[in-house]
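Student: Below: one structure in structure tokens.
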Amino acid sequence: MPRATVLALCIATLPAPPAGAEEVDPLHAETRAIAVTVGETAEVSAETNPSTGAAWRLNETASRNLAILDIEALGTAAAGETEGDLPIVGAPMVATWAVTGRTAGKARIVLDYGQPWRPEDIWRRLEIAVTVAAPGSDGS
């Protein structure tokens, strides 16, 4: 049997992902955890490269309990950049968000990285488990 036929048969027998599923290669997924008290803000950063057309976006469907948080995109900067420096075109940058606890509880933020015109093609995923403690509590 020719190699092309064998390859086609192998590919044809692979199970298809469920319709509408967003698949992320586990090697391109990262999980972090942060803890804040109500009213406190923590910064979260991730590498980005705007020259590729890719950007981070909040995946509200996969995220959980976002109502207990305020999330603000602070923008991007070159790693180690100081005010007045010009970024190098095509160089990786760092995107940063401020996460502020509004009410006590647990939440999960899911950020997907890819090109906005191809939302089904997720290059990387960042999942952030957030614990918001009530003021005066020990955070547990």
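Residues in the structure tokens are named by chain (A, B, ... in the order shown) and by number from 1 within that chain; ligands are numbered from 1 in the order shown.
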Which residues come within 10 Å of Val89 in chain A, counting only C-alpha atoms, excluding same-chain residues fewer than 5 positions away, as a list of chain:residue names?
Tutor: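 The neighbour list is A:Asn49, A:Pro50, A:Ser51.
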Student: Any chance you could export the current selection's N, CA and C atoms as an mmCIF file, in the first residue's frame?
Tutor:
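Result file follows (part05.cif):
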```cif
data_model
loop_
_atom_site.group_PDB
_atom_site.id
_atom_site.type_symbol
_atom_site.label_atom_id
_atom_site.label_comp_id
_atom_site.auth_asym_id
_atom_site.auth_seq_id
_atom_site.Cartn_x
_atom_site.Cartn_y
_atom_site.Cartn_z
ATOM 1 N N ASN A 49 3.893 38.863 21.258
ATOM 2 C CA ASN A 49 4.657 39.394 20.139
ATOM 3 C C ASN A 49 3.676 40.018 19.143
ATOM 4 N N PRO A 50 3.379 41.318 19.317
ATOM 5 C CA PRO A 50 2.399 41.976 18.458
ATOM 6 C C PRO A 50 2.726 41.921 16.971
ATOM 7 N N SER A 51 3.987 41.746 16.607
ATOM 8 C CA SER A 51 4.349 41.735 15.188
ATOM 9 C C SER A 51 3.763 40.531 14.458
#
```
Student: Give me the residues within 12 Å of Arg118 in chain A as a list in words, counting only C-alpha atoms and dropping any in the same chain fewer than 6 places off.
Tutor: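 So, after excluding close chain neighbours, the residues are Glu22, Gly53, Ala54, Ala55, Arg57 and Asp112 of chain A.
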Student: Quick one: distance from CA of Pro135 in chain A to CA of Leu66 in chain A in Å, one decimal?
Tutor: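 According to the coordinates, CA of Pro135 in chain A and CA of Leu66 in chain A are separated by 19.0 Å.
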Student: Rank A:Val110, A:Ala46, A:Ala33, A:Thr103 by their smallest atom-to-atom distance to Ile68 in chain A, using only C-alpha atoms, and report the top residue only.
Tutor: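 Using only C-alpha atoms, the shortest distance to Ile68 in chain A belongs to A:Thr103.
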Student: Within 10 Å of Lys106 in chain A, counting only C-alpha atoms, which residues show up once you throw out same-chain ones fewer than 5 positions away? Write them as a list of chain:residue names, please.
Tutor: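 Non-adjacent residues within range: A:Ala35, A:Arg64, A:Asn65, A:Leu66, A:Ile68, A:Leu69, A:Gly101, A:Ala129, A:Val130, A:Thr131, A:Val132, A:Ala133.
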Student: Considering only C-alpha atoms, return as a list in words whatever protein or nucleic-acid residues lie within 6 Å of Ala95 in chain A, sequence-local ones (same chain, fewer than 2 positions apart) excluded.
Tutor: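 Close residues of Ala95 in chain A: Ser45, Ala46, Gly75 and Thr76 of chain A.
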Student: Go ahead and write the selection's residues with N, CA and C atoms as a tab-separated table (two decimals), in the first residue's frame.
Tutor:
```
chain	number	residue	atom	x	y	z
A	45	SER	N	1.58	38.93	34.14
A	45	SER	CA	2.24	39.24	32.87
A	45	SER	C	2.44	37.97	32.05
A	46	ALA	N	2.46	38.15	30.73
A	46	ALA	CA	2.72	37.03	29.82
A	46	ALA	C	3.41	37.56	28.58
A	75	GLY	N	-1.40	47.03	29.18
A	75	GLY	CA	-0.64	47.25	27.95
A	75	GLY	C	0.55	46.34	27.84
A	76	THR	N	1.41	46.67	26.86
A	76	THR	CA	2.59	45.86	26.60
A	76	THR	C	3.85	46.72	26.66
```
Student: Can you tell me which residues surround Arg124 in chain A at a distance of at most 6 Å, considering only C-alpha atoms, apart from same-chain residues fewer than 3 positions away, and format the answer as a list in words?
Tutor: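 The residues that qualify are His28, Ala29, Asp112 and Tyr113 of chain A.
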Student: Neighbouring residues of Ser63 in chain A were defined as those with any atom within 9 Å, considering only C-alpha atoms; residues of the same chain fewer than 6 positions away were excluded. Please report them as a list in words.
Tutor: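 Once the nearby chain positions are removed, what remains is Ala107, Arg108, Ile109, Val110, Leu111 and Glu127 of chain A.
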Student: Excluding Leu74 in chain A and any residue of its chain fewer than 3 positions from it, enumerate the residues within 7 Å of it, using only C-alpha atoms, and give them as a PyMOL selection string.
Tutor: chain A and resi 96-98
Student: Check range 13-139 of chain A with DSSP on the backbone and list each residue it calls helix (DSSP H, G or I), as a PyMOL selection string.
Tutor: chain A and resi 26-28+50-52+66-68
Student: What is the CA of Ala73 in chain A to CA of Ala91 in chain A distance in Å?
Tutor: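 Pair CA of Ala73 in chain A / CA of Ala91 in chain A returns 20.1 Å.
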Student: Given the choices A:Ile71, A:Leu58, A:Ala78, A:Val94, which gets closest to Ala42 in chain A if the distance is worked out from only C-alpha atoms?
Tutor: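 The shortest atom-to-atom distance to Ala42 in chain A comes from A:Ile71.
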Student: Calculated over only C-alpha atoms, which of the candidates A:Val44, A:Ala77, A:Val38, A:Ile122 has the smallest distance to Val99 in chain A?
Tutor: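 Closest to Val99 in chain A of all the choices is A:Val44.
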Student: To one decimal place, how far is CA of Ala67 in chain A from CA of Ile34 in chain A in Å?
Tutor: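 Separating CA of Ala67 in chain A from CA of Ile34 in chain A is a distance of 16.4 Å.
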